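**Student:** Input structure: start-v5.txt, which contains compact mmCIF, C-alpha atoms and all ligand atoms.
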# COMPACT_ATOMS: atom_id res chain seq x y z
CA MET A 30 134.64 111.73 256.67
CA ASN A 31 133.54 112.72 260.17
CA ASP A 32 129.89 113.19 261.15
CA GLU A 33 129.47 116.80 260.02
CA PRO A 34 125.76 117.72 260.11
CA ILE A 35 124.02 117.39 256.75
CA PRO A 36 120.75 119.32 256.40
CA LEU A 37 117.70 117.99 254.58
CA ALA A 38 117.63 120.87 252.09
CA GLN A 39 119.61 124.00 251.26
CA PRO A 40 118.72 126.67 248.68
CA VAL A 41 121.24 128.05 246.19
CA MET A 42 121.50 131.85 246.38
CA GLY A 43 124.05 133.99 244.58
CA GLU A 44 124.91 137.45 243.37
CA ALA A 45 122.15 137.46 240.75
CA GLU A 46 119.53 137.00 243.48
CA GLU A 47 121.13 139.70 245.65
CA ARG A 48 121.22 142.14 242.74
CA ALA A 49 117.60 141.42 241.78
CA VAL A 50 116.27 141.94 245.30
CA LEU A 51 118.36 145.09 245.86
CA GLU A 52 117.04 146.56 242.63
CA VAL A 53 113.46 146.17 243.89
CA LEU A 54 114.34 147.63 247.30
CA ARG A 55 115.93 150.66 245.64
CA SER A 56 113.02 151.10 243.22
CA GLY A 57 110.50 151.56 246.03
CA ARG A 58 107.96 149.34 244.16
CA LEU A 59 107.82 146.52 246.69
CA SER A 60 104.46 145.04 245.65
CA LEU A 61 102.32 145.03 242.48
CA GLY A 62 105.27 146.49 240.56
CA PRO A 63 107.01 145.39 237.36
CA ALA A 64 108.72 142.30 238.83
CA LEU A 65 105.31 140.59 239.19
CA PRO A 66 104.39 140.38 235.47
CA ALA A 67 108.05 139.83 234.57
CA PHE A 68 108.21 136.71 236.78
CA GLU A 69 104.80 135.48 235.59
CA GLU A 70 105.64 135.90 231.91
CA ALA A 71 109.04 134.24 232.22
CA PHE A 72 107.52 131.30 234.14
CA ALA A 73 104.73 130.82 231.57
CA ALA A 74 107.24 131.01 228.72
CA ARG A 75 109.46 128.43 230.40
CA LEU A 76 106.54 125.98 230.59
CA GLY A 77 105.15 126.86 227.17
CA VAL A 78 101.78 127.77 228.66
CA ALA A 79 99.74 130.88 227.94
CA HIS A 80 99.38 132.35 231.45
CA ALA A 81 100.82 132.29 234.94
CA SER A 82 99.70 134.03 238.14
CA ALA A 83 102.08 134.50 241.06
CA VAL A 84 100.58 133.88 244.50
CA SER A 85 101.78 133.84 248.10
CA SER A 86 102.19 130.04 248.36
CA GLY A 87 101.51 126.77 246.61
CA THR A 88 98.57 126.25 248.93
CA ALA A 89 97.08 129.62 247.96
CA GLY A 90 97.55 128.63 244.32
CA LEU A 91 95.70 125.34 244.81
CA HIS A 92 92.89 127.14 246.63
CA LEU A 93 92.38 129.74 243.89
CA ALA A 94 92.72 127.09 241.15
CA LEU A 95 89.97 124.97 242.74
CA ARG A 96 87.69 128.02 242.95
CA ALA A 97 88.50 128.86 239.34
CA VAL A 98 87.29 125.46 238.09
CA GLY A 99 84.09 125.89 240.09
CA VAL A 100 84.60 123.76 243.22
CA SER A 101 82.24 124.88 245.99
CA GLU A 102 80.40 123.73 249.11
CA GLY A 103 79.25 120.10 249.12
CA ASP A 104 81.28 119.11 246.05
CA GLU A 105 83.67 116.18 245.97
CA VAL A 106 87.20 116.36 244.59
CA VAL A 107 89.07 113.10 243.97
CA THR A 108 92.71 113.31 245.04
CA SER A 109 95.73 111.43 246.38
CA PRO A 110 96.19 110.59 250.07
CA PHE A 111 99.96 110.37 249.43
CA SER A 112 100.76 114.06 249.30
CA PHE A 113 101.63 117.01 251.47
CA VAL A 114 98.51 117.88 253.47
CA ALA A 115 97.99 121.17 251.61
CA SER A 116 96.54 119.46 248.52
CA ALA A 117 93.61 118.09 250.55
CA ASN A 118 93.32 121.15 252.82
CA ALA A 119 92.77 123.42 249.82
CA ILE A 120 89.65 121.37 248.95
CA VAL A 121 88.34 121.68 252.50
CA TYR A 122 88.79 125.51 252.39
CA GLU A 123 85.89 125.55 249.92
CA ARG A 124 83.77 123.27 252.18
CA ALA A 125 84.13 120.55 249.59
CA ARG A 126 85.08 116.93 250.43
CA PRO A 127 88.47 115.46 249.52
CA VAL A 128 87.72 111.95 248.26
CA PHE A 129 90.92 109.93 248.38
CA ALA A 130 91.82 107.07 246.07
CA ASP A 131 94.86 104.80 246.31
CA ILE A 132 98.14 105.35 244.52
CA ASP A 133 100.10 103.51 241.86
CA PRO A 134 102.78 101.39 243.58
CA VAL A 135 105.42 102.30 240.98
CA THR A 136 105.03 106.06 240.43
CA LEU A 137 103.36 106.71 243.84
CA ASN A 138 100.93 109.04 242.03
CA LEU A 139 97.12 108.85 242.17
CA ASP A 140 96.04 105.67 240.36
CA PRO A 141 93.66 106.64 237.52
CA GLU A 142 91.61 103.44 237.88
CA ALA A 143 91.18 103.94 241.64
CA ALA A 144 90.30 107.59 241.00
CA ALA A 145 87.66 106.62 238.41
CA ALA A 146 86.10 104.21 240.92
CA ALA A 147 85.86 107.03 243.48
CA VAL A 148 83.92 109.40 241.18
CA THR A 149 80.26 110.04 242.13
CA GLU A 150 77.59 112.41 240.82
CA ARG A 151 78.92 115.00 243.30
CA THR A 152 82.49 114.91 241.91
CA THR A 153 83.27 118.29 240.37
CA ALA A 154 87.03 118.02 239.88
CA LEU A 155 90.11 115.80 240.02
CA LEU A 156 93.25 116.90 241.83
CA PRO A 157 96.20 114.70 240.84
CA VAL A 158 99.54 115.42 242.55
CA HIS A 159 102.88 115.04 240.75
CA ILE A 160 104.43 113.55 243.84
CA PHE A 161 108.20 113.78 244.33
CA GLY A 162 108.32 115.52 240.95
CA TYR A 163 107.15 112.49 238.94
CA PRO A 164 104.54 113.34 236.27
CA ALA A 165 101.06 112.04 237.10
CA ASP A 166 99.21 110.20 234.31
CA LEU A 167 97.36 113.29 233.05
CA PRO A 168 96.17 111.73 229.76
CA ALA A 169 94.28 109.08 231.79
CA PHE A 170 92.69 111.75 234.02
CA GLU A 171 91.83 113.89 230.98
CA ARG A 172 89.88 110.94 229.51
CA MET A 173 87.62 111.04 232.58
CA GLY A 174 86.15 114.31 231.33
CA LEU A 175 86.14 116.24 234.62
CA PRO A 176 87.84 119.57 235.37
CA ILE A 177 91.41 119.04 236.61
CA VAL A 178 93.56 121.03 239.01
CA GLU A 179 97.18 119.84 239.11
CA ASP A 180 99.29 119.94 242.25
CA ALA A 181 102.65 120.57 240.63
CA CYS A 182 104.15 122.01 243.82
CA GLU A 183 106.95 119.42 243.78
CA ALA A 184 107.29 119.09 240.02
CA LEU A 185 108.97 122.06 238.39
CA GLY A 186 111.08 120.64 235.56
CA ALA A 187 109.06 117.42 235.16
CA VAL A 188 107.97 116.39 231.67
CA HIS A 189 105.09 114.19 230.46
CA ALA A 190 105.60 111.31 228.03
CA ASP A 191 104.37 113.49 225.13
CA GLY A 192 107.06 116.08 225.83
CA VAL A 193 104.73 118.63 227.46
CA PRO A 194 106.21 120.09 230.65
CA VAL A 195 104.19 119.42 233.83
CA GLY A 196 102.01 122.50 234.25
CA GLY A 197 101.92 123.10 230.51
CA ARG A 198 98.76 121.18 229.59
CA GLY A 199 96.40 124.09 230.18
CA HIS A 200 94.67 122.89 233.38
CA PRO A 201 95.33 125.18 236.31
CA ALA A 202 98.53 123.81 237.91
CA ALA A 203 99.95 125.08 241.19
CA PHE A 204 103.71 125.34 241.83
CA ALA A 205 105.40 126.17 245.14
CA PHE A 206 108.54 128.12 245.98
CA TYR A 207 109.24 127.29 249.62
CA ALA A 208 112.96 127.15 250.43
CA ASN A 209 113.34 123.41 249.70
CA LYS A 210 111.80 123.61 246.21
CA GLN A 211 113.54 123.53 242.80
CA ILE A 212 113.41 127.35 242.81
CA THR A 213 112.55 129.41 245.86
CA THR A 214 111.20 132.82 246.77
CA GLY A 215 111.26 131.99 250.51
CA GLU A 216 107.50 131.53 250.42
CA GLY A 217 105.53 131.75 247.19
CA GLY A 218 103.70 129.98 244.43
CA MET A 219 102.49 130.19 240.83
CA VAL A 220 99.42 128.95 238.98
CA THR A 221 99.80 128.21 235.29
CA THR A 222 96.77 127.99 233.01
CA GLY A 223 95.88 127.96 229.34
CA ASP A 224 92.67 129.92 229.99
CA ARG A 225 92.67 133.73 230.17
CA ALA A 226 89.44 133.74 232.20
CA VAL A 227 91.05 131.50 234.85
CA LYS A 228 94.04 133.83 235.09
CA ASP A 229 91.80 136.90 235.39
CA ARG A 230 89.78 135.29 238.17
CA ILE A 231 92.90 134.19 240.06
CA ASP A 232 94.51 137.62 239.65
CA SER A 233 91.38 139.23 241.07
CA GLU A 234 90.87 136.79 243.93
CA ARG A 235 94.51 136.93 245.06
CA ASN A 236 93.98 140.68 245.45
CA GLN A 237 90.82 140.80 247.61
CA GLY A 238 88.49 140.28 244.64
CA ARG A 239 89.31 143.47 242.84
CA ALA A 240 88.37 143.27 239.16
CA LEU A 241 91.35 143.99 236.97
CA ASP A 242 89.71 147.03 235.39
CA MET A 243 88.29 148.39 238.62
CA GLY A 244 89.50 151.33 240.61
CA TRP A 245 91.37 151.28 243.92
CA LEU A 246 89.32 149.72 246.75
CA ASP A 247 86.53 148.62 244.44
CA HIS A 248 85.79 144.90 244.78
CA ASP A 249 83.16 142.88 242.93
CA ARG A 250 83.71 139.43 244.44
CA LEU A 251 85.07 137.79 247.58
CA GLY A 252 88.84 137.62 247.50
CA PHE A 253 91.91 136.98 249.62
CA ASN A 254 95.31 138.50 250.17
CA TYR A 255 97.33 135.89 248.31
CA ARG A 256 99.65 138.38 246.58
CA LEU A 257 103.37 137.73 246.07
CA SER A 258 105.59 140.76 246.72
CA ASP A 259 107.85 142.23 244.05
CA ILE A 260 110.81 141.36 246.28
CA ALA A 261 109.82 137.69 246.04
CA CYS A 262 109.05 137.93 242.31
CA ALA A 263 112.48 139.40 241.58
CA LEU A 264 114.08 136.61 243.57
CA GLY A 265 111.97 134.07 241.68
CA LEU A 266 112.99 135.51 238.32
CA ALA A 267 116.68 135.27 239.23
CA GLN A 268 116.15 131.67 240.39
CA LEU A 269 114.23 130.80 237.22
CA GLU A 270 117.18 131.98 235.14
CA ARG A 271 119.36 129.34 236.78
CA LEU A 272 116.69 126.60 236.70
CA ASP A 273 118.45 124.38 234.15
CA GLY A 274 121.58 124.33 236.27
CA LEU A 275 119.64 123.66 239.48
CA LEU A 276 117.75 120.76 237.88
CA ALA A 277 120.92 119.28 236.42
CA ASP A 278 122.63 119.52 239.82
CA ARG A 279 119.72 117.76 241.53
CA ALA A 280 119.66 115.01 238.88
CA ARG A 281 123.42 114.50 239.34
CA VAL A 282 123.05 114.18 243.13
CA ALA A 283 120.18 111.69 242.59
CA GLY A 284 122.47 109.64 240.33
CA TRP A 285 125.18 109.53 243.04
CA TYR A 286 122.58 108.36 245.55
CA ARG A 287 121.30 105.63 243.22
CA ASP A 288 124.81 104.20 242.86
CA ALA A 289 125.75 104.64 246.52
CA LEU A 290 122.57 102.99 247.83
CA ALA A 291 122.56 100.09 245.37
CA GLY A 292 124.10 97.63 247.83
CA ILE A 293 121.64 98.10 250.70
CA GLU A 294 119.44 95.04 250.82
CA GLY A 295 115.68 95.58 250.95
CA LEU A 296 115.93 99.33 250.28
CA ASP A 297 113.71 100.52 247.42
CA LEU A 298 114.37 103.68 245.43
CA LEU A 299 111.96 105.92 243.52
CA CYS A 300 111.09 104.66 240.04
CA GLU A 301 113.34 105.46 237.12
CA ASP A 302 111.92 107.65 234.35
CA ARG A 303 109.60 105.58 232.12
CA GLY A 304 109.96 106.20 228.38
CA ALA A 305 110.05 109.93 227.69
CA GLU A 306 108.66 110.88 231.13
CA ARG A 307 111.06 112.97 233.21
CA ARG A 308 111.08 113.46 236.97
CA GLY A 309 111.78 117.03 238.09
CA TRP A 310 113.98 116.08 241.03
CA PHE A 311 112.70 117.58 244.28
CA VAL A 312 113.34 115.18 247.17
CA TYR A 313 115.41 112.03 247.45
CA VAL A 314 113.06 109.52 249.04
CA VAL A 315 113.90 105.90 249.83
CA LEU A 316 111.58 103.14 250.99
CA LEU A 317 113.22 101.43 253.96
CA PRO A 318 113.43 97.62 254.06
CA GLU A 319 110.07 96.25 255.23
CA ASP A 320 111.42 95.07 258.57
CA ALA A 321 113.12 98.39 259.42
CA ASP A 322 111.53 100.81 261.89
CA GLN A 323 111.01 104.20 260.22
CA ARG A 324 111.08 106.23 263.43
CA GLU A 325 114.15 104.50 264.88
CA THR A 326 116.03 104.80 261.60
CA ILE A 327 115.35 108.54 261.45
CA ALA A 328 116.46 108.96 265.08
CA ALA A 329 119.65 106.96 264.50
CA LEU A 330 120.50 109.07 261.45
CA ALA A 331 119.80 112.28 263.40
CA ALA A 332 122.20 111.10 266.13
CA ARG A 333 124.87 110.94 263.39
CA GLY A 334 124.05 114.50 262.20
CA ILE A 335 121.96 113.46 259.18
CA GLN A 336 118.60 115.17 258.92
CA THR A 337 115.83 113.05 257.41
CA ARG A 338 112.03 113.05 257.55
CA PRO A 339 109.18 110.54 257.20
CA TYR A 340 107.96 111.68 253.81
CA LEU A 341 105.08 111.38 253.36
CA PRO A 342 102.71 110.33 256.13
CA PRO A 343 99.32 109.51 254.52
CA ILE A 344 96.92 112.45 254.73
CA HIS A 345 93.85 110.38 255.60
CA LEU A 346 95.55 109.06 258.76
CA MET A 347 96.32 112.54 260.15
CA SER A 348 94.27 113.42 263.25
CA TYR A 349 92.21 116.13 261.56
CA TYR A 350 91.26 113.83 258.67
CA ARG A 351 90.49 110.91 260.97
CA GLU A 352 88.37 113.01 263.30
CA THR A 353 86.58 115.23 260.78
CA TRP A 354 86.21 112.87 257.85
CA GLY A 355 86.17 109.50 259.67
CA HIS A 356 89.17 107.91 257.96
CA ARG A 357 90.80 104.75 259.31
CA GLU A 358 93.80 102.50 258.63
CA GLY A 359 93.34 100.00 255.83
CA GLU A 360 91.43 102.26 253.41
CA PHE A 361 94.34 102.84 251.01
CA PRO A 362 96.75 99.92 251.45
CA VAL A 363 99.34 100.96 248.85
CA CYS A 364 99.59 104.49 250.23
CA GLU A 365 99.78 103.24 253.82
CA ALA A 366 102.47 100.65 253.06
CA VAL A 367 104.59 103.22 251.21
CA GLY A 368 104.03 105.90 253.89
CA ALA A 369 105.26 103.52 256.60
CA ARG A 370 108.57 103.03 254.76
CA SER A 371 109.29 106.34 252.99
CA VAL A 372 112.06 108.59 254.27
CA ALA A 373 113.46 111.74 252.64
CA LEU A 374 117.26 111.91 252.74
CA PRO A 375 119.32 115.13 252.57
CA PHE A 376 119.06 116.43 249.01
CA PHE A 377 120.08 119.78 247.52
CA PRO A 378 121.90 121.00 244.39
CA ARG A 379 125.24 121.73 246.07
CA MET A 380 125.42 118.41 247.87
CA THR A 381 128.81 116.80 247.26
CA GLU A 382 129.50 113.24 246.21
CA GLY A 383 131.30 112.82 249.55
CA GLN A 384 128.19 113.87 251.48
CA VAL A 385 126.05 111.45 249.46
CA ALA A 386 128.52 108.63 250.12
CA HIS A 387 128.51 109.47 253.84
CA VAL A 388 124.69 109.43 254.07
CA ALA A 389 124.59 106.10 252.20
CA GLU A 390 127.28 104.59 254.41
CA VAL A 391 125.61 105.68 257.66
CA LEU A 392 122.18 104.53 256.43
CA GLY A 393 123.69 101.13 255.57
CA GLU A 394 125.27 100.87 259.05
CA VAL A 395 122.07 101.91 260.83
CA LEU A 396 119.98 99.38 258.88
CA ALA A 397 122.52 96.59 259.38
CA ARG A 398 122.45 97.17 263.14
CA ALA A 399 118.64 97.23 263.40
C1 LIG B 401 102.62 118.26 247.08
C2 LIG B 401 102.55 119.63 247.69
N1 LIG B 401 101.39 120.31 247.64
C3 LIG B 401 101.28 121.54 248.16
C4 LIG B 401 102.33 122.17 248.79
C5 LIG B 401 102.10 123.51 249.42
O1 LIG B 401 102.99 124.51 249.03
P1 LIG B 401 103.25 125.74 250.02
O2 LIG B 401 104.05 125.23 251.18
O3 LIG B 401 104.01 126.72 249.18
O4 LIG B 401 101.92 126.29 250.44
C6 LIG B 401 103.57 121.51 248.86
C7 LIG B 401 104.71 122.17 249.49
O5 LIG B 401 105.45 121.68 250.29
C8 LIG B 401 103.68 120.20 248.33
O6 LIG B 401 104.83 119.50 248.41
Can you give me the file's structure in the form of structure tokens?

**Tutor:**
Amino acid sequence: MNDEPIPLAQPVMGEAEERAVLEVLRSGRLSLGPALPAFEEAFAARLGVAHASAVSSGTAGLHLALRAVGVSEGDEVVTSPFSFVASANAIVYERARPVFADIDPVTLNLDPEAAAAAVTERTTALLPVHIFGYPADLPAFERMGLPIVEDACEALGAVHADGVPVGGRGHPAAFAFYANKQITTGEGGMVTTGDRAVKDRIDSERNQGRALDMGWLDHDRLGFNYRLSDIACALGLAQLERLDGLLADRARVAGWYRDALAGIEGLDLLCEDRGAERRGWFVYVVLLPEDADQRETIAALAARGIQTRPYLPPIHLMSYYRETWGHREGEFPVCEAVGARSVALPFFPRMTEGQVAHVAEVLGEVLARA
């Protein structure tokens, strides 16, 4: 195989999506129309949870979910430093403090013991992240007795050990539909919840704080414009209908990678599913051998047409978090060691076995030469 460029991610779009979007365009109901509740109800049903609220992004969902559990100025929220920056940013939006705790070296999710040690009298919520689609240890966090907001932005399709889908436990859980996600609406998100009052508050606050039974332009609380258009909802509904196929395709590609990468010395792969836990495959991340240079490896792969990313750089070491919150190297050793080695490889449902073999071969060559 020659060095044909291989992108990091690529959504699957077909006739069903085209038909669904065209239908909305022709209906003239481009926002707050029937596709919104249809998408929400189908999503909630899929996860076996009572309610779902569509929002403009995963970040918007996290923000409204934190408000809904009562996080406000001066509060502390314990969360993972090994996440996309949005999970910590959403806490800062409410002038609360993200308090990081280190991660579990196997699952790469927030370590419940470290999280418990970080709780103070100002802690008002926990924000575990199901990183790379692997279910966080929710039963352990639930035992801590604090309100929980779940960052499930990477975890559609993941399942907890007790068989409950991630996002189906009743805590507000935010999902994201950016173009690299398991299903996409271009930009978009969804909050699931078991609590009608939480849904009502989120539905109001995504729409400028308009109470659900209030008239046009009547607002009884501060709100935002975090609405998701009917065009996006129709697209999301069409994507949701093919979710099983998309998840199976991703799991198959992950299996090819596992076999193809097995011979590369020092390379570590994401953990296998433990017991009945199921990863909802989102990204294919590898941990480079400890003596490999992350930046040089990524550059060498790019020179061969293979798009990869350092994924994830620790949040607490980003300039804003260093400068505003005083973080330094050495605070969360597991997170920092993993962040220095983790690289996301090209990964999407329609990836071929040949493309996977090519990425594995080039990665092996690049690492052997380093
Ligand atoms: C872990 C995590 N949290 C939050 C988000 C934010 O989602 P969005 O980009 O839709 O705002 C993402 C999306 O990339 C994510 O991966």

**Student:** Which residues are close to A:Val395, i.e. within 10 Å by only C-alpha atoms, leaving aside same-chain residues fewer than 4 positions away? Reply as a PyMOL selection string.

**Tutor:** chain A and resi 321+325-330+333+389-391+399

**Student:** Using only C-alpha atoms, which residue out of A:Val135, A:Val363, A:Ile120, A:Val388 lies closest to A:Pro375?

**Tutor:**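 The shortest atom-to-atom distance to A:Pro375 comes from A:Val388.
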
**Student:** Dump the neighbourhood of ligand LIG 401 (chain B) as JSON, numbers by chain: all residues within 7 Å, distances computed on only C-alpha atoms and all ligand atoms.

**Tutor:** {"A": [86, 87, 88, 89, 112, 113, 114, 115, 116, 158, 160, 180, 181, 182, 183, 205, 206, 207, 216, 217, 218]}

**Student:** Find the spatial neighbours of stretch 95-104 of chain A, counting only C-alpha atoms, within a cut-off of 12 Å - ignore same-chain residues fewer than 4 positions away - and output them as a count of residues only.

**Tutor:** 53

**Student:** Could you list, as a PyMOL selection string, every residue within 12 Å of A:Glu270, counting all atoms listed in the file and ignoring same-chain residues fewer than 5 positions away?

**Tutor:** chain A and resi 43+45-46+49+68+71-72+74-75+211-213+263-265+275-276

**Student:** I'd like the interatomic distance between atom CA of A:Ala67 and atom CA of A:Ala280, to a tenth of an Å.

**Tutor:**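 So the answer is 27.7 Å.
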
**Student:** With a distance cut-off of 6 Å and all atoms listed in the file, select the neighbouring residues of stretch 298-307 of chain A, excluding the residue or stretch itself and same-chain residues fewer than 6 positions from it, and output the selection as a list of chain:residue names.

**Tutor:** A:Ala187, A:Val188, A:His189, A:Ala190, A:Val315
